[in-house]
Amino acid sequence: MQFGNTRAIAVAFMLLAMALFFCSAPKLCAQSNAPKTVFKEVKHNFGIIAEDGGSVKHDFVFTNKGNSPLIVMRVTSDCGCTTPRVTQSAIEAGQDGVLTVEYDPQGRPGAFMKKVRVYTNAEVEPLIIEISGNVATRGGAEKGEFISLIGELQVSTKHLVFPTASQQRASNVRLVVNNNYKHPIDLELTSQSGLFTMSKKVLSLGVSEPSEVIFTSNIADTVKPGIYTTPVIVQLRDGNRTKPLRDTILVKLPIAPQLDYDTYDSVPKAQFETYIDLGKAQQQATFGSSISIKNVGAAPLELFDVYCNNPYVSFAIQNNKAKAGEDIVIRYKIDLATLRNKGDNLNENVELMMNDPHAPYRIVRLVLEIR
């Protein structure tokens, strides 16, 4: 009797196992016939690229390691600056496909990271492809032009301007040079600033030979937020000159504070006029007024620095901190007598660095008719 029960149980288990096998067999067959997408790489860093150098591309190669055709149904990107293209939408088993991702850096200085999403018939969720890099500008110079000369050396600018940087976010600019002499020349670039590094400090250029130097911000933890300017000495030597030709390129680097706010509901917010037309100046020697910045946010607002490239405009900060609802007042004085003698009107940017997370680096335009 006991033996019969044991035999019955064994038969029941055998029948159950056979049922499970036959029920799951179609699913196993379906899985074995499914396509499978395998990318050789899913990330690519372009490194430092030129803003005016045109778009950059990278090919992401993938393989169908399944047993049925792989269908790429659609591909999307984060923004219009990133364009993904697939060579073919149907990839046979064992064959390769190529996803080309193109990035347009024009008007997008600084670091970037973009994602591309690939939807196929093999995966429920999209596959994520990532590109990154750092776009270097020509420091405010017009695209493709040499706007200054050092002797017969053509340079893209003599006022090199960085995009806003911070301790956590580096930025890059490019100085482009071209030898317009009729003979080879040697260049040496020197700077006492520790705020940036240069990719080259010594250059040897043949006749009509161009080159470029990448400046990369390098900001230590001890550097305070502000707008920093420093000269780079350019020393040029050629066989026809007994003494080297020396000139300077002024480098400007806006350094923003590191702002860590949990929510934008409790942050400072600066409100002020960004264009101030002062009209026509009278015959007095100086003109003075002020810029008022109201804190319409919830946290204290702090002004770190004020900068103007015009040496005939001076500033005095009355107070550099303002609680919610209060004002920061910047007083300025314009040397009208000197500007009048030079025959100039005033049309200058006043640059501000604050702890407003909406936009820490801000500009006010001052306009005054003097002549």
# chains A, B, ... in the order shown; residues from 1 in each chain; ligands from 1
$ closest_atom_pairs --of "segment 221-308 of chain A" --to "segment 168-171 of chain A" --cutoff "12 Å" --atoms "only C-alpha atoms" --output "tab-separated table"
residue	atom	partner	partner_atom	distance
A:Asp221	CA	A:Gln168	CA	9.4
A:Leu253	CA	A:Ser171	CA	9.3
A:Pro254	CA	A:Ser171	CA	10.2
A:Ile255	CA	A:Arg169	CA	9.7
A:Ala256	CA	A:Arg169	CA	9.5
A:Pro257	CA	A:Gln168	CA	9.6
A:Gln258	CA	A:Gln168	CA	7.5
A:Leu259	CA	A:Gln168	CA	10.5
A:Asp260	CA	A:Gln168	CA	11.7
$ select_by_dssp --residues "segment 123-359 of chain A" --states "helix (DSSP H, G or I)" --output "list in words"
Tyr264, Asp265, Ser266, Leu336, Ala337, Thr338, Leu339, Arg340, Asn341 and Lys342 of chain A
$ write_last_selection --atoms "N, CA, C and O atoms" --output "PDB file, in the first residue's frame"
ATOM      1  N   TYR A 264      14.899  75.996  -5.389  1.00  0.00           N
ATOM      2  CA  TYR A 264      14.950  77.374  -5.868  1.00  0.00           C
ATOM      3  C   TYR A 264      13.890  78.248  -5.200  1.00  0.00           C
ATOM      4  O   TYR A 264      13.777  79.422  -5.496  1.00  0.00           O
ATOM      5  N   ASP A 265      13.106  77.687  -4.313  1.00  0.00           N
ATOM      6  CA  ASP A 265      12.109  78.482  -3.593  1.00  0.00           C
ATOM      7  C   ASP A 265      12.736  79.337  -2.501  1.00  0.00           C
ATOM      8  O   ASP A 265      12.106  80.259  -1.998  1.00  0.00           O
ATOM      9  N   SER A 266      13.976  79.022  -2.119  1.00  0.00           N
ATOM     10  CA  SER A 266      14.613  79.766  -1.021  1.00  0.00           C
ATOM     11  C   SER A 266      16.028  80.179  -1.422  1.00  0.00           C
ATOM     12  O   SER A 266      17.005  79.763  -0.810  1.00  0.00           O
ATOM     13  N   LEU A 336      34.582 112.415 -17.402  1.00  0.00           N
ATOM     14  CA  LEU A 336      34.097 113.011 -18.645  1.00  0.00           C
ATOM     15  C   LEU A 336      35.169 113.830 -19.348  1.00  0.00           C
ATOM     16  O   LEU A 336      35.238 113.856 -20.581  1.00  0.00           O
ATOM     17  N   ALA A 337      35.984 114.529 -18.577  1.00  0.00           N
ATOM     18  CA  ALA A 337      36.996 115.405 -19.170  1.00  0.00           C
ATOM     19  C   ALA A 337      37.942 114.611 -20.076  1.00  0.00           C
ATOM     20  O   ALA A 337      38.225 115.019 -21.217  1.00  0.00           O
ATOM     21  N   THR A 338      38.429 113.475 -19.608  1.00  0.00           N
ATOM     22  CA  THR A 338      39.355 112.664 -20.412  1.00  0.00           C
ATOM     23  C   THR A 338      38.662 112.074 -21.630  1.00  0.00           C
ATOM     24  O   THR A 338      39.205 112.100 -22.748  1.00  0.00           O
ATOM     25  N   LEU A 339      37.456 111.553 -21.435  1.00  0.00           N
ATOM     26  CA  LEU A 339      36.727 110.973 -22.560  1.00  0.00           C
ATOM     27  C   LEU A 339      36.387 112.036 -23.597  1.00  0.00           C
ATOM     28  O   LEU A 339      36.429 111.774 -24.808  1.00  0.00           O
ATOM     29  N   ARG A 340      36.061 113.261 -23.123  1.00  0.00           N
ATOM     30  CA  ARG A 340      35.759 114.351 -24.050  1.00  0.00           C
ATOM     31  C   ARG A 340      36.996 114.729 -24.866  1.00  0.00           C
ATOM     32  O   ARG A 340      36.913 114.962 -26.075  1.00  0.00           O
ATOM     33  N   ASN A 341      38.152 114.764 -24.216  1.00  0.00           N
ATOM     34  CA  ASN A 341      39.399 115.062 -24.930  1.00  0.00           C
ATOM     35  C   ASN A 341      39.746 113.984 -25.949  1.00  0.00           C
ATOM     36  O   ASN A 341      40.328 114.255 -26.992  1.00  0.00           O
ATOM     37  N   LYS A 342      39.385 112.726 -25.630  1.00  0.00           N
ATOM     38  CA  LYS A 342      39.653 111.622 -26.552  1.00  0.00           C
ATOM     39  C   LYS A 342      38.610 111.544 -27.662  1.00  0.00           C
ATOM     40  O   LYS A 342      38.774 110.789 -28.625  1.00  0.00           O
TER      41      LYS A 342
END
$ residues_around --residues "segment 298-305 of chain A" --least-positions-apart "6" --cutoff "9 Å" --atoms "only C-alpha atoms" --output "PyMOL selection string"
chain A and resi 224-227+257+265-270+317+319-328+351-356
$ select_by_dssp --residues "segment 141-274 of chain A" --states "strand (DSSP E)" --output "ChimeraX atom specification"
/A:148-150,153-155,159-161,172-179,185-190,196-198,202-205,210-217,226-238,245-255,270-271
$ residues_around --residues "Glu369 of chain A" --least-positions-apart "4" --cutoff "8 Å" --atoms "only C-alpha atoms" --output "list in words"
Leu278, Gly279, Lys280, Ala281, Asn345 and Leu346 of chain A
$ write_last_selection --atoms "N, CA, C and O atoms" --output "PDB file, in the first residue's frame"
ATOM      1  N   LEU A 278      22.070 107.124 -20.082  1.00  0.00           N
ATOM      2  CA  LEU A 278      22.248 108.307 -19.246  1.00  0.00           C
ATOM      3  C   LEU A 278      22.035 109.605 -20.015  1.00  0.00           C
ATOM      4  O   LEU A 278      22.208 110.694 -19.458  1.00  0.00           O
ATOM      5  N   GLY A 279      21.695 109.515 -21.288  1.00  0.00           N
ATOM      6  CA  GLY A 279      21.416 110.711 -22.070  1.00  0.00           C
ATOM      7  C   GLY A 279      22.689 111.413 -22.519  1.00  0.00           C
ATOM      8  O   GLY A 279      23.699 110.779 -22.839  1.00  0.00           O
ATOM      9  N   LYS A 280      22.650 112.748 -22.486  1.00  0.00           N
ATOM     10  CA  LYS A 280      23.775 113.566 -22.955  1.00  0.00           C
ATOM     11  C   LYS A 280      24.428 114.249 -21.776  1.00  0.00           C
ATOM     12  O   LYS A 280      23.767 114.878 -20.943  1.00  0.00           O
ATOM     13  N   ALA A 281      25.748 114.153 -21.690  1.00  0.00           N
ATOM     14  CA  ALA A 281      26.483 114.748 -20.566  1.00  0.00           C
ATOM     15  C   ALA A 281      26.599 116.257 -20.727  1.00  0.00           C
ATOM     16  O   ALA A 281      26.681 116.780 -21.840  1.00  0.00           O
ATOM     17  N   ASN A 345      32.407 108.684 -26.798  1.00  0.00           N
ATOM     18  CA  ASN A 345      31.193 108.517 -26.000  1.00  0.00           C
ATOM     19  C   ASN A 345      31.390 107.310 -25.101  1.00  0.00           C
ATOM     20  O   ASN A 345      32.334 106.531 -25.271  1.00  0.00           O
ATOM     21  N   LEU A 346      30.491 107.145 -24.144  1.00  0.00           N
ATOM     22  CA  LEU A 346      30.561 105.973 -23.265  1.00  0.00           C
ATOM     23  C   LEU A 346      29.518 104.960 -23.709  1.00  0.00           C
ATOM     24  O   LEU A 346      28.330 105.274 -23.801  1.00  0.00           O
TER      25      LEU A 346
END
$ closest_residue --among "A:Asp52, A:Asp238, A:Asp96, A:Asp186" --to "Phe39 of chain A" --atoms "only C-alpha atoms"
A:Asp96
$ closest_residue --among "A:Val177, A:Ile49, A:Ile370, A:Val364" --to "Ile276 of chain A" --atoms "only C-alpha atoms"
A:Val364
$ decode --residues "segment 152-184 of chain A" --atoms "N, CA and C atoms" --output "PDB file, in the first residue's frame"
ATOM      1  N   GLU A 152      53.729  91.258 -37.702  1.00  0.00           N
ATOM      2  CA  GLU A 152      53.006  90.668 -38.831  1.00  0.00           C
ATOM      3  C   GLU A 152      52.348  89.344 -38.439  1.00  0.00           C
ATOM      4  N   LEU A 153      52.321  89.046 -37.167  1.00  0.00           N
ATOM      5  CA  LEU A 153      51.631  87.848 -36.684  1.00  0.00           C
ATOM      6  C   LEU A 153      50.148  88.164 -36.529  1.00  0.00           C
ATOM      7  N   GLN A 154      49.306  87.405 -37.216  1.00  0.00           N
ATOM      8  CA  GLN A 154      47.865  87.584 -37.090  1.00  0.00           C
ATOM      9  C   GLN A 154      47.359  86.798 -35.881  1.00  0.00           C
ATOM     10  N   VAL A 155      46.524  87.433 -35.058  1.00  0.00           N
ATOM     11  CA  VAL A 155      45.952  86.774 -33.880  1.00  0.00           C
ATOM     12  C   VAL A 155      44.438  86.956 -33.894  1.00  0.00           C
ATOM     13  N   SER A 156      43.746  85.956 -33.366  1.00  0.00           N
ATOM     14  CA  SER A 156      42.285  85.987 -33.388  1.00  0.00           C
ATOM     15  C   SER A 156      41.719  87.075 -32.484  1.00  0.00           C
ATOM     16  N   THR A 157      42.441  87.431 -31.424  1.00  0.00           N
ATOM     17  CA  THR A 157      42.002  88.495 -30.521  1.00  0.00           C
ATOM     18  C   THR A 157      43.140  88.861 -29.586  1.00  0.00           C
ATOM     19  N   LYS A 158      43.098  90.099 -29.076  1.00  0.00           N
ATOM     20  CA  LYS A 158      44.050  90.504 -28.043  1.00  0.00           C
ATOM     21  C   LYS A 158      43.344  90.662 -26.702  1.00  0.00           C
ATOM     22  N   HIS A 159      42.045  90.302 -26.675  1.00  0.00           N
ATOM     23  CA  HIS A 159      41.264  90.288 -25.438  1.00  0.00           C
ATOM     24  C   HIS A 159      40.530  88.947 -25.375  1.00  0.00           C
ATOM     25  N   LEU A 160      41.142  87.983 -24.757  1.00  0.00           N
ATOM     26  CA  LEU A 160      40.629  86.615 -24.716  1.00  0.00           C
ATOM     27  C   LEU A 160      39.667  86.475 -23.541  1.00  0.00           C
ATOM     28  N   VAL A 161      38.430  86.076 -23.820  1.00  0.00           N
ATOM     29  CA  VAL A 161      37.383  86.037 -22.790  1.00  0.00           C
ATOM     30  C   VAL A 161      36.890  84.606 -22.608  1.00  0.00           C
ATOM     31  N   PHE A 162      37.042  84.088 -21.392  1.00  0.00           N
ATOM     32  CA  PHE A 162      36.556  82.757 -21.048  1.00  0.00           C
ATOM     33  C   PHE A 162      35.037  82.769 -20.863  1.00  0.00           C
ATOM     34  N   PRO A 163      34.358  81.657 -21.169  1.00  0.00           N
ATOM     35  CA  PRO A 163      33.007  81.457 -20.627  1.00  0.00           C
ATOM     36  C   PRO A 163      33.097  81.336 -19.107  1.00  0.00           C
ATOM     37  N   THR A 164      31.985  81.552 -18.437  1.00  0.00           N
ATOM     38  CA  THR A 164      31.971  81.481 -16.975  1.00  0.00           C
ATOM     39  C   THR A 164      32.417  80.110 -16.499  1.00  0.00           C
ATOM     40  N   ALA A 165      33.364  80.105 -15.556  1.00  0.00           N
ATOM     41  CA  ALA A 165      33.899  78.866 -15.003  1.00  0.00           C
ATOM     42  C   ALA A 165      33.674  78.842 -13.499  1.00  0.00           C
ATOM     43  N   SER A 166      33.968  77.708 -12.878  1.00  0.00           N
ATOM     44  CA  SER A 166      33.905  77.569 -11.426  1.00  0.00           C
ATOM     45  C   SER A 166      34.928  76.512 -11.018  1.00  0.00           C
ATOM     46  N   GLN A 167      35.030  76.265  -9.734  1.00  0.00           N
ATOM     47  CA  GLN A 167      35.957  75.243  -9.253  1.00  0.00           C
ATOM     48  C   GLN A 167      35.559  73.868  -9.767  1.00  0.00           C
ATOM     49  N   GLN A 168      34.264  73.645  -9.948  1.00  0.00           N
ATOM     50  CA  GLN A 168      33.774  72.336 -10.376  1.00  0.00           C
ATOM     51  C   GLN A 168      33.616  72.236 -11.896  1.00  0.00           C
ATOM     52  N   ARG A 169      33.566  73.377 -12.579  1.00  0.00           N
ATOM     53  CA  ARG A 169      33.311  73.344 -14.017  1.00  0.00           C
ATOM     54  C   ARG A 169      34.388  74.129 -14.757  1.00  0.00           C
ATOM     55  N   ALA A 170      35.236  73.419 -15.490  1.00  0.00           N
ATOM     56  CA  ALA A 170      36.281  74.067 -16.268  1.00  0.00           C
ATOM     57  C   ALA A 170      35.694  74.610 -17.567  1.00  0.00           C
ATOM     58  N   SER A 171      36.362  75.613 -18.131  1.00  0.00           N
ATOM     59  CA  SER A 171      35.985  76.143 -19.436  1.00  0.00           C
ATOM     60  C   SER A 171      37.244  76.363 -20.264  1.00  0.00           C
ATOM     61  N   ASN A 172      37.051  76.504 -21.577  1.00  0.00           N
ATOM     62  CA  ASN A 172      38.175  76.606 -22.496  1.00  0.00           C
ATOM     63  C   ASN A 172      37.962  77.735 -23.494  1.00  0.00           C
ATOM     64  N   VAL A 173      39.066  78.361 -23.892  1.00  0.00           N
ATOM     65  CA  VAL A 173      39.061  79.293 -25.019  1.00  0.00           C
ATOM     66  C   VAL A 173      40.282  79.011 -25.884  1.00  0.00           C
ATOM     67  N   ARG A 174      40.230  79.479 -27.142  1.00  0.00           N
ATOM     68  CA  ARG A 174      41.320  79.234 -28.080  1.00  0.00           C
ATOM     69  C   ARG A 174      41.891  80.554 -28.571  1.00  0.00           C
ATOM     70  N   LEU A 175      43.180  80.626 -28.612  1.00  0.00           N
ATOM     71  CA  LEU A 175      43.878  81.714 -29.284  1.00  0.00           C
ATOM     72  C   LEU A 175      44.408  81.149 -30.596  1.00  0.00           C
ATOM     73  N   VAL A 176      43.980  81.720 -31.719  1.00  0.00           N
ATOM     74  CA  VAL A 176      44.406  81.249 -33.034  1.00  0.00           C
ATOM     75  C   VAL A 176      45.379  82.268 -33.621  1.00  0.00           C
ATOM     76  N   VAL A 177      46.515  81.794 -34.110  1.00  0.00           N
ATOM     77  CA  VAL A 177      47.546  82.675 -34.673  1.00  0.00           C
ATOM     78  C   VAL A 177      47.910  82.199 -36.075  1.00  0.00           C
ATOM     79  N   ASN A 178      48.458  83.134 -36.868  1.00  0.00           N
ATOM     80  CA  ASN A 178      48.891  82.790 -38.222  1.00  0.00           C
ATOM     81  C   ASN A 178      50.128  83.610 -38.572  1.00  0.00           C
ATOM     82  N   ASN A 179      51.145  82.959 -39.082  1.00  0.00           N
ATOM     83  CA  ASN A 179      52.395  83.632 -39.450  1.00  0.00           C
ATOM     84  C   ASN A 179      52.230  84.319 -40.799  1.00  0.00           C
ATOM     85  N   ASN A 180      52.134  85.645 -40.776  1.00  0.00           N
ATOM     86  CA  ASN A 180      51.980  86.422 -41.995  1.00  0.00           C
ATOM     87  C   ASN A 180      53.311  87.005 -42.473  1.00  0.00           C
ATOM     88  N   TYR A 181      54.389  86.604 -41.796  1.00  0.00           N
ATOM     89  CA  TYR A 181      55.714  87.031 -42.244  1.00  0.00           C
ATOM     90  C   TYR A 181      56.119  86.236 -43.487  1.00  0.00           C
ATOM     91  N   LYS A 182      57.191  86.692 -44.120  1.00  0.00           N
ATOM     92  CA  LYS A 182      57.722  86.003 -45.297  1.00  0.00           C
ATOM     93  C   LYS A 182      58.796  84.989 -44.923  1.00  0.00           C
ATOM     94  N   HIS A 183      58.931  84.718 -43.618  1.00  0.00           N
ATOM     95  CA  HIS A 183      59.946  83.788 -43.127  1.00  0.00           C
ATOM     96  C   HIS A 183      59.427  83.122 -41.858  1.00  0.00           C
ATOM     97  N   PRO A 184      60.015  82.023 -41.429  1.00  0.00           N
ATOM     98  CA  PRO A 184      59.567  81.342 -40.204  1.00  0.00           C
ATOM     99  C   PRO A 184      59.794  82.211 -38.965  1.00  0.00           C
TER     100      PRO A 184
END
